[in-house]
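Source file: structure-v5.txt (compact mmCIF, C-alpha atoms)
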```txt
# COMPACT_ATOMS: atom_id res chain seq x y z
CA MET C 27 31.30 -55.79 57.08
CA GLY C 28 32.13 -52.22 57.95
CA LEU C 29 28.44 -51.46 57.86
CA ASN C 30 27.62 -54.13 60.44
CA LYS C 31 30.15 -52.69 62.94
CA LYS C 32 28.51 -49.27 62.71
CA LYS C 33 25.05 -50.79 63.32
CA ILE C 34 26.36 -52.81 66.26
CA TRP C 35 27.61 -49.62 68.00
CA LYS C 36 24.47 -47.63 67.18
CA ILE C 37 22.05 -50.03 68.85
CA PRO C 38 23.64 -49.94 72.38
CA LEU C 39 24.10 -46.18 72.07
CA ILE C 40 20.44 -45.66 71.23
CA VAL C 41 19.35 -47.98 74.08
CA PHE C 42 21.60 -46.12 76.50
CA LEU C 43 20.36 -42.68 75.42
CA PHE C 44 16.71 -43.75 75.84
CA SER C 45 17.28 -45.50 79.16
CA LEU C 46 19.25 -42.64 80.77
CA PRO C 47 16.26 -40.28 81.07
CA LEU C 48 14.18 -43.18 82.38
CA ILE C 49 16.74 -43.91 85.10
CA VAL C 50 16.90 -40.23 86.06
CA LEU C 51 13.12 -40.05 86.13
CA LEU C 52 12.88 -43.10 88.40
CA GLY C 53 15.57 -41.73 90.69
CA TYR C 54 14.03 -38.34 91.32
CA SER C 55 10.34 -38.72 90.59
CA GLY C 56 7.77 -38.04 93.26
CA ASP C 57 7.43 -39.72 96.63
CA ARG C 58 8.53 -43.07 95.31
CA GLY C 59 11.82 -42.07 93.78
CA LEU C 60 14.77 -44.37 94.35
CA ILE C 61 16.72 -41.73 96.28
CA ARG C 62 13.79 -41.05 98.58
CA LEU C 63 13.29 -44.78 99.11
CA TYR C 64 16.97 -45.14 100.00
CA ASN C 65 16.78 -42.27 102.50
CA ALA C 66 13.60 -43.73 104.00
CA GLU C 67 15.36 -47.08 104.46
CA ILE C 68 18.27 -45.40 106.26
CA GLU C 69 15.82 -43.57 108.52
CA ARG C 70 13.95 -46.82 109.20
CA GLN C 71 17.20 -48.55 110.20
CA ALA C 72 18.00 -45.68 112.60
CA TYR C 73 14.55 -46.02 114.20
CA ILE C 74 14.97 -49.78 114.55
CA GLU C 75 18.31 -49.25 116.32
CA LYS C 76 16.77 -46.66 118.63
CA ILE C 77 13.93 -49.06 119.47
CA ARG C 78 16.45 -51.80 120.29
CA SER C 79 18.36 -49.51 122.63
CA LEU C 80 15.13 -48.41 124.34
CA ILE C 81 14.06 -52.05 124.79
CA LYS C 82 17.42 -52.83 126.38
CA GLU C 83 17.17 -49.79 128.68
CA ASN C 84 13.62 -50.78 129.62
CA GLU C 85 14.76 -54.30 130.53
CA GLU C 86 17.55 -52.90 132.71
CA LEU C 87 15.08 -50.61 134.49
CA LEU C 88 12.69 -53.51 135.09
CA GLN C 89 15.54 -55.51 136.62
CA GLU C 90 16.40 -52.52 138.83
CA VAL C 91 12.76 -52.32 139.99
CA GLN C 92 12.79 -56.03 140.83
CA ARG C 93 16.00 -55.63 142.84
CA LEU C 94 14.59 -52.62 144.70
CA ARG C 95 11.44 -54.57 145.56
CA ASN C 96 13.15 -57.76 146.72
CA ASP C 97 16.81 -57.21 147.63
CA MET C 98 17.41 -55.35 150.91
CA LYS C 99 21.19 -55.21 150.34
CA HIS C 100 20.63 -53.47 147.03
CA ILE C 101 18.26 -50.99 148.66
CA GLU C 102 20.91 -50.28 151.29
CA SER C 103 23.65 -49.75 148.69
CA VAL C 104 21.44 -47.39 146.67
CA ALA C 105 20.57 -45.43 149.80
CA ARG C 106 24.25 -45.17 150.74
CA LYS C 107 25.28 -43.98 147.28
CA GLU C 108 22.45 -41.64 146.39
CA LEU C 109 21.35 -40.35 149.80
CA ASN C 110 24.73 -40.50 151.58
CA LEU C 111 23.24 -42.51 154.44
CA ILE C 112 25.42 -44.26 157.00
CA LYS C 113 24.85 -46.87 159.68
CA GLN C 114 24.89 -46.05 163.38
CA ASN C 115 28.45 -45.71 164.79
CA GLU C 116 29.92 -45.85 161.29
CA ILE C 117 32.83 -43.59 160.34
CA ILE C 118 33.24 -42.30 156.81
CA TYR C 119 36.71 -41.53 155.48
CA ARG C 120 36.83 -39.21 152.47
CA PHE C 121 39.96 -38.98 150.40
CA SER C 122 40.61 -36.11 148.09
CA THR C 123 40.99 -36.57 144.36
CA ASP C 124 44.31 -36.25 142.53
CA GLU C 125 43.55 -32.64 141.60
CA ASN C 126 42.77 -31.73 145.19
CA GLN C 127 45.91 -33.52 146.36
CA SER C 128 48.09 -31.60 143.92
CA ASN C 129 46.48 -28.33 145.09
CA ALA C 130 47.05 -29.34 148.70
CA ILE C 131 50.70 -30.15 147.98
CA ASP C 132 51.14 -26.78 146.27
CA ASN C 133 49.58 -25.04 149.26
CA VAL C 134 51.92 -26.87 151.65
CA LYS C 135 54.92 -25.92 149.53
CA GLU C 136 53.82 -22.27 149.45
CA LYS C 137 53.36 -22.24 153.22
CA ALA C 138 56.79 -23.84 153.71
CA GLU C 139 58.40 -21.29 151.39
CA GLY C 140 56.60 -18.50 153.26
CA ARG C 141 57.88 -19.85 156.59
CA ASP C 142 61.41 -20.03 155.21
CA LYS C 143 61.17 -16.42 154.04
CA ASN C 144 59.81 -15.35 157.42
CA LYS C 145 62.69 -17.12 159.21
CA GLN C 146 65.21 -15.50 156.91
CA GLN C 147 63.70 -12.08 157.57
CA GLU C 148 63.67 -12.72 161.31
CA GLU C 149 67.32 -13.77 161.16
CA ARG C 150 68.21 -10.61 159.25
CA VAL C 151 66.32 -8.47 161.72
CA ALA C 152 67.99 -10.27 164.62
CA GLY C 153 71.37 -9.89 162.90
CA ASP C 154 70.77 -6.18 162.33
CA GLU C 155 69.79 -5.69 165.98
CA ASN C 156 72.95 -7.48 167.12
CA ASP C 157 75.09 -5.27 164.88
CA GLU C 158 73.69 -2.12 166.48
```
Go ahead and render the structure in this file as structure tokens.
Amino acid sequence: MGLNKKKIWKIPLIVFLFSLPLIVLLGYSGDRGLIRLYNAEIERQAYIEKIRSLIKENEELLQEVQRLRNDMKHIESVARKELNLIKQNEIIYRFSTDENQSNAIDNVKEKAEGRDKNKQQEERVAGDENDE
């Protein structure tokens, strides 16, 4: 009985030791190795995704061409946005961005502080002249 247990463990060990080099050989061998096939599949999936995005972009561009050929309102809006065109007797109001507004507020504050300083200096000068 003890002999059968030793034989039972030897058989899987021998199979494993012979199959390990075979697995390594299949994984790394030549152009058809399993690792290279896996990397090629990942690359293929990336190309498929890129093709899908290009097809979608192409469809959007074709729709844009159709709108530019047929829709005068769309042509007008594109001309207004990209070429900054306006209609006759039209007035354009431009509002500054938040950053420009904060800079403008800072400039106004600085000017007000400068005016206050100038008034204080003028009052001192006027006070000094009155004292003399």
Interatomic distance (Å, one decimal) between CA of Glu75 (chain C) and CA of Leu63 (chain C):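 Taking CA of Glu75 (chain C) and CA of Leu63 (chain C), their separation equals 18.5 Å.
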Atom pair CA of Leu46 (chain C) / CA of Tyr64 (chain C): separation (Å):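 Between CA of Leu46 (chain C) and CA of Tyr64 (chain C) the gap is 19.5 Å.
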Å distance separating CA of Arg78 (chain C) from CA of Ala66 (chain C), one decimal place: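 Going from CA of Arg78 (chain C) over to CA of Ala66 (chain C), I get 18.4 Å.
Residues lying within 10 Å of region 103-117 of chain C, counting all atoms listed in the file and ignoring same-chain neighbours fewer than 4 positions away, are Leu94, Met98 and Lys99 of chain C.
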